[in-house]
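A.B. asks: My structure is stored as my_file29.cif, with mmCIF, C-alpha atoms.
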```cif
data_structure
#
loop_
_atom_site.label_atom_id
_atom_site.label_comp_id
_atom_site.auth_asym_id
_atom_site.auth_seq_id
_atom_site.Cartn_x
_atom_site.Cartn_y
_atom_site.Cartn_z
CA MET A 1 124.72 104.92 55.84
CA VAL A 2 127.79 103.95 57.88
CA ARG A 3 129.83 106.65 56.18
CA ILE A 4 127.22 109.29 57.04
CA ALA A 5 127.17 108.10 60.68
CA LEU A 6 130.95 108.26 60.94
CA ILE A 7 131.29 111.67 59.30
CA TYR A 8 128.49 113.48 61.13
CA GLY A 9 129.15 111.70 64.43
CA ALA A 10 132.83 112.68 64.25
CA ILE A 11 131.94 116.30 63.48
CA SER A 12 129.44 116.44 66.34
CA GLY A 13 131.70 114.74 68.88
CA THR A 14 134.67 116.90 67.94
CA ILE A 15 132.65 120.09 68.33
CA ILE A 16 131.33 119.02 71.72
CA ILE A 17 134.64 117.96 73.22
CA SER A 18 136.49 120.98 71.80
CA VAL A 19 134.07 123.54 73.17
CA MET A 20 133.65 121.78 76.51
CA THR A 21 137.41 121.34 76.97
CA LEU A 22 137.91 125.04 76.34
CA GLY A 23 135.11 125.72 78.81
CA TYR A 24 136.77 123.60 81.51
CA MET A 25 140.11 125.25 80.89
CA PHE A 26 138.71 128.74 81.45
CA ALA A 27 135.90 128.02 83.92
CA THR A 28 135.85 128.85 87.58
CA SER A 29 134.35 126.54 90.17
CA GLU A 30 131.82 129.15 91.36
CA ASN A 31 129.34 128.54 88.55
CA ALA A 32 128.77 124.78 88.39
CA ALA A 33 125.07 125.07 87.50
CA GLY A 34 125.84 127.51 84.70
CA SER A 35 128.55 125.23 83.35
CA GLN A 36 126.09 122.30 83.24
CA VAL A 37 123.58 124.40 81.32
CA PHE A 38 126.39 125.49 78.98
CA GLY A 39 127.56 121.89 78.52
CA PHE A 40 124.13 120.54 77.64
CA SER A 41 123.50 123.52 75.35
CA VAL A 42 126.71 122.73 73.48
CA MET A 43 125.66 119.08 73.24
CA ILE A 44 122.25 119.93 71.82
CA ILE A 45 123.67 122.39 69.29
CA ALA A 46 126.45 120.03 68.16
CA LEU A 47 124.07 117.07 68.02
CA THR A 48 122.04 118.89 65.40
CA MET A 49 124.55 117.16 63.14
CA ILE A 50 122.21 114.17 63.59
CA PHE A 51 119.48 116.11 61.81
CA VAL A 52 121.91 117.27 59.11
CA GLY A 53 123.25 113.73 58.60
CA VAL A 54 119.79 112.14 58.34
CA LYS A 55 118.61 114.89 55.96
CA THR A 56 121.72 114.49 53.82
CA TYR A 57 121.18 110.73 53.61
CA ARG A 58 117.47 111.17 52.84
CA ASP A 59 118.01 113.78 50.14
CA ARG A 60 121.22 112.56 48.53
CA ASP A 61 120.97 108.78 48.78
CA LEU A 62 117.23 108.07 49.05
CA GLY A 63 115.74 110.61 46.67
CA GLY A 64 114.16 112.77 49.37
CA VAL A 65 112.17 110.07 51.19
CA ILE A 66 113.02 108.17 54.39
CA LYS A 67 110.92 106.16 56.82
CA PHE A 68 111.03 106.74 60.56
CA ARG A 69 112.90 103.56 61.49
CA PRO A 70 115.92 103.98 59.16
CA ALA A 71 116.08 107.68 60.02
CA PHE A 72 116.05 106.87 63.74
CA ILE A 73 118.67 104.12 63.35
CA LEU A 74 120.94 106.50 61.44
CA GLY A 75 120.37 109.16 64.10
CA LEU A 76 121.27 106.70 66.86
CA SER A 77 124.39 105.69 64.93
CA ILE A 78 125.49 109.30 64.60
CA ALA A 79 124.80 109.82 68.33
CA ALA A 80 126.85 106.71 69.21
CA VAL A 81 129.81 107.88 67.12
CA ALA A 82 129.55 111.37 68.66
CA GLY A 83 129.45 109.74 72.09
CA GLY A 84 132.56 107.72 71.28
CA PHE A 85 134.41 110.84 70.19
CA TYR A 86 133.22 112.63 73.33
CA VAL A 87 134.47 109.82 75.58
CA ALA A 88 137.83 109.61 73.78
CA GLY A 89 138.26 113.38 73.89
CA TRP A 90 137.35 113.50 77.58
CA GLU A 91 139.87 110.76 78.36
CA ILE A 92 142.57 112.69 76.50
CA TYR A 93 141.64 115.85 78.41
CA LEU A 94 141.79 113.99 81.73
CA ALA A 95 145.21 112.51 80.91
CA VAL A 96 146.63 115.86 79.80
CA SER A 97 145.22 117.65 82.86
CA ASP A 98 146.56 114.95 85.21
CA TYR A 99 143.02 113.86 86.18
CA VAL A 100 142.41 116.95 88.33
CA PHE A 101 138.77 117.22 87.23
CA ILE A 102 137.32 114.87 89.84
CA ASN A 103 139.23 116.53 92.68
CA ASP A 104 138.03 119.97 91.59
CA TYR A 105 134.49 118.70 91.02
CA THR A 106 134.15 117.02 94.42
CA ALA A 107 135.80 119.96 96.21
CA GLY A 108 133.31 122.29 94.51
CA ILE A 109 130.37 120.20 95.71
CA ILE A 110 131.70 120.13 99.27
CA GLU A 111 132.29 123.88 99.27
CA ALA A 112 128.81 124.54 97.88
CA LYS A 113 127.30 122.45 100.67
CA ARG A 114 129.39 124.27 103.29
CA ALA A 115 128.32 127.63 101.85
CA ALA A 116 124.70 126.47 102.02
CA GLY A 117 125.14 125.92 105.75
CA VAL A 118 125.46 122.14 105.80
CA GLY A 119 127.58 120.98 108.69
CA GLY A 120 128.15 118.23 111.20
CA GLU A 121 127.22 114.69 110.30
CA ALA A 122 125.50 115.73 107.08
CA LEU A 123 128.69 117.38 105.81
CA GLU A 124 130.78 114.39 106.90
CA LYS A 125 128.45 112.12 104.89
CA ILE A 126 128.83 114.34 101.82
CA ILE A 127 132.63 114.31 102.20
CA ALA A 128 132.60 110.50 102.52
CA ASP A 129 130.36 110.22 99.44
CA MET A 130 132.75 112.43 97.48
CA GLU A 131 135.69 110.21 98.48
CA VAL A 132 133.79 107.18 97.19
CA MET A 133 133.04 109.07 93.99
CA LYS A 134 136.76 109.83 93.52
CA LEU A 135 137.63 106.15 93.93
CA ARG A 136 134.95 105.05 91.47
CA TYR A 137 135.90 107.74 88.93
CA ALA A 138 139.50 106.49 88.96
CA ASN A 139 138.26 103.20 87.48
CA PRO A 140 137.88 103.42 83.66
CA LEU A 141 135.18 100.72 83.73
CA TYR A 142 133.10 103.15 85.79
CA ARG A 143 134.21 106.43 84.17
CA LEU A 144 133.91 105.52 80.47
CA PRO A 145 130.25 104.41 80.50
CA MET A 146 129.40 107.29 82.84
CA THR A 147 130.91 109.75 80.36
CA PHE A 148 129.05 108.13 77.44
CA ILE A 149 125.77 108.31 79.36
CA GLU A 150 126.22 112.08 79.71
CA ILE A 151 125.81 112.58 75.98
CA PHE A 152 123.95 109.61 74.51
CA PRO A 153 120.46 110.33 75.92
CA VAL A 154 120.64 113.81 74.41
CA GLY A 155 121.56 112.19 71.10
CA VAL A 156 118.60 109.79 71.38
CA ALA A 157 116.23 112.74 71.86
CA VAL A 158 117.68 114.57 68.84
CA ALA A 159 117.55 111.35 66.77
CA LEU A 160 113.87 110.87 67.67
CA ALA A 161 113.01 114.45 66.74
CA SER A 162 115.01 114.25 63.52
CA ALA A 163 113.41 110.97 62.44
CA ALA A 164 109.93 112.26 63.25
CA LEU A 165 110.45 115.45 61.24
CA LEU A 166 112.38 114.05 58.30
CA ARG A 167 110.07 111.10 57.60
CA ASN A 168 107.81 113.69 55.99
CA PRO A 169 109.32 114.43 52.56
CA LYS A 170 107.64 117.85 52.53
CA MET A 171 109.50 118.81 55.72
CA PHE A 172 112.72 120.56 54.71
CA PRO A 173 112.61 119.29 51.10
CA ALA A 174 115.79 118.91 49.09
CA ARG A 175 116.72 121.96 47.09
CA GLY A 176 117.87 121.33 43.64
#
```
Would you mind giving the structure from this file in structure tokens?
C.D. replies:
Amino acid sequence: MVRIALIYGAISGTIIISVMTLGYMFATSENAAGSQVFGFSVMIIALTMIFVGVKTYRDRDLGGVIKFRPAFILGLSIAAVAGGFYVAGWEIYLAVSDYVFINDYTAGIIEAKRAAGVGGEALEKIIADMEVMKLRYANPLYRLPMTFIEIFPVGVAVALASAALLRNPKMFPARG
């Protein structure tokens, strides 16, 4: 079971960080909402490796039958490994890009608020909040769990769905 979690988690995490890194390299700051939708879409698609991993374990190692709890635990394990790969890949990306992400991100938020007509004290508060965010993001004890939390809840949802579906041996039966 550990081997399955490591293999499928590594595949999922590598897909996510590769596609998202390419997306950040070629993205423009004008479409932040679209990039979030793209990012979560990539996560959901890549995290289907949870389903594939649980199905592989059920069919190959357990003779086509798995209960909800072990399926869910395996799914969570795959999601945790994928999350670890995602965090490590993001940290590498940040180091290679000289940590410019947070400056670009906060500047984009400020510009979006300005474009929306926010001004005066409200804009000053947003700018101050963005400065605090930059300081917090510089601390790895803040940044690493925050990065993991971006992906892990999506993995939990996919693990729940996978365990619920695959506990039924008639659902996607093994071909042989």
A.B. asks: Find the residues around A:Tyr93 up to 9 Å (all atoms listed in the file counted), leave out those fewer than 5 positions away in its own chain, and share them as a list of chain:residue names.
C.D. replies: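 Neighbouring residues, sequence-local ones excluded: A:Ile17, A:Thr21, A:Ala88, A:Asp98, A:Tyr99.
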A.B. asks: For this structure, which residues satisfy the selection - the PyMOL selection byres ((chain A and resi 167) around 8) - when it is evaluated on the file as given? I want them as a list of chain:residue names.
C.D. replies: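 Listing what the PyMOL selection byres ((chain A and resi 167) around 8) selects in the shown file: A:Val65, A:Ile66, A:Lys67, A:Phe68, A:Ala71, A:Ala163, A:Ala164, A:Leu165, A:Leu166, A:Asn168, A:Pro169, A:Met171.
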A.B. asks: Leaving out stretch 121-138 of chain A and any residue of its chain fewer than 5 positions from it, which residues lie within 12 Å of it when counting only C-alpha atoms, given as a ChimeraX atom specification?
C.D. replies: /A:91,94-95,98-116,143-147
A.B. asks: Taking only C-alpha atoms into account, name the residue in A:Phe85, A:Phe51, A:Phe40, A:Phe26 that is nearest to A:Pro153.
C.D. replies: A:Phe40
A.B. asks: Compare A:Ile44, A:Val96, A:Val87, A:Val158 by their minimum atom-to-atom distance to A:Pro140, counting all atoms listed in the file, and give me the closest one.
C.D. replies: A:Val87
A.B. asks: Quote the spacing between atom CA of A:Ser35 and atom CA of A:Met20 in Å to one decimal place.
C.D. replies: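 A separation of 9.2 Å between them.
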A.B. asks: Exactly which residues make up the result of the PyMOL selection byres ((chain A and resi 18) around 12) on this file, given as a list in words?
C.D. replies: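 For this structure, the PyMOL selection byres ((chain A and resi 18) around 12) captures Ala10, Ile11, Ser12, Gly13, Thr14, Ile15, Ile16, Ile17, Val19, Met20, Thr21, Leu22, Gly23, Tyr24, Met25, Gly39, Val42, Met43, Ala46, Phe85, Tyr86, Val87, Ala88, Gly89, Trp90, Ile92 and Tyr93 of chain A.
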A.B. asks: To one decimal place in Å, what is the distance between atom CA of A:Gly64 and atom CA of A:Ile78?
C.D. replies: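 Distance between the two atoms: 19.3 Å.
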A.B. asks: Between A:Ile45, A:Ile7, A:Val54, A:Ile149, which one has atoms that come closest to A:Arg69, using all atoms listed in the file?
C.D. replies: A:Val54
A.B. asks: If you measure from atom CA of A:Gly9 to atom CA of A:Ala159, what distance in Å do you get, rounded to one decimal?
C.D. replies: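 Those two atoms sit 11.8 Å apart.
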A.B. asks: Which of these, A:Ala157, A:Met1, A:Leu76, A:Leu47, has the shortest distance to A:Leu62 once you count all atoms listed in the file?
C.D. replies: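 Ranking A:Ala157, A:Met1, A:Leu76, A:Leu47 by distance to A:Leu62, first place goes to A:Met1.
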A.B. asks: Which is closest to A:Glu150 among A:Pro173, A:Pro70, A:Gly63, A:Gly83, if we use all atoms listed in the file?
C.D. replies: A:Gly83
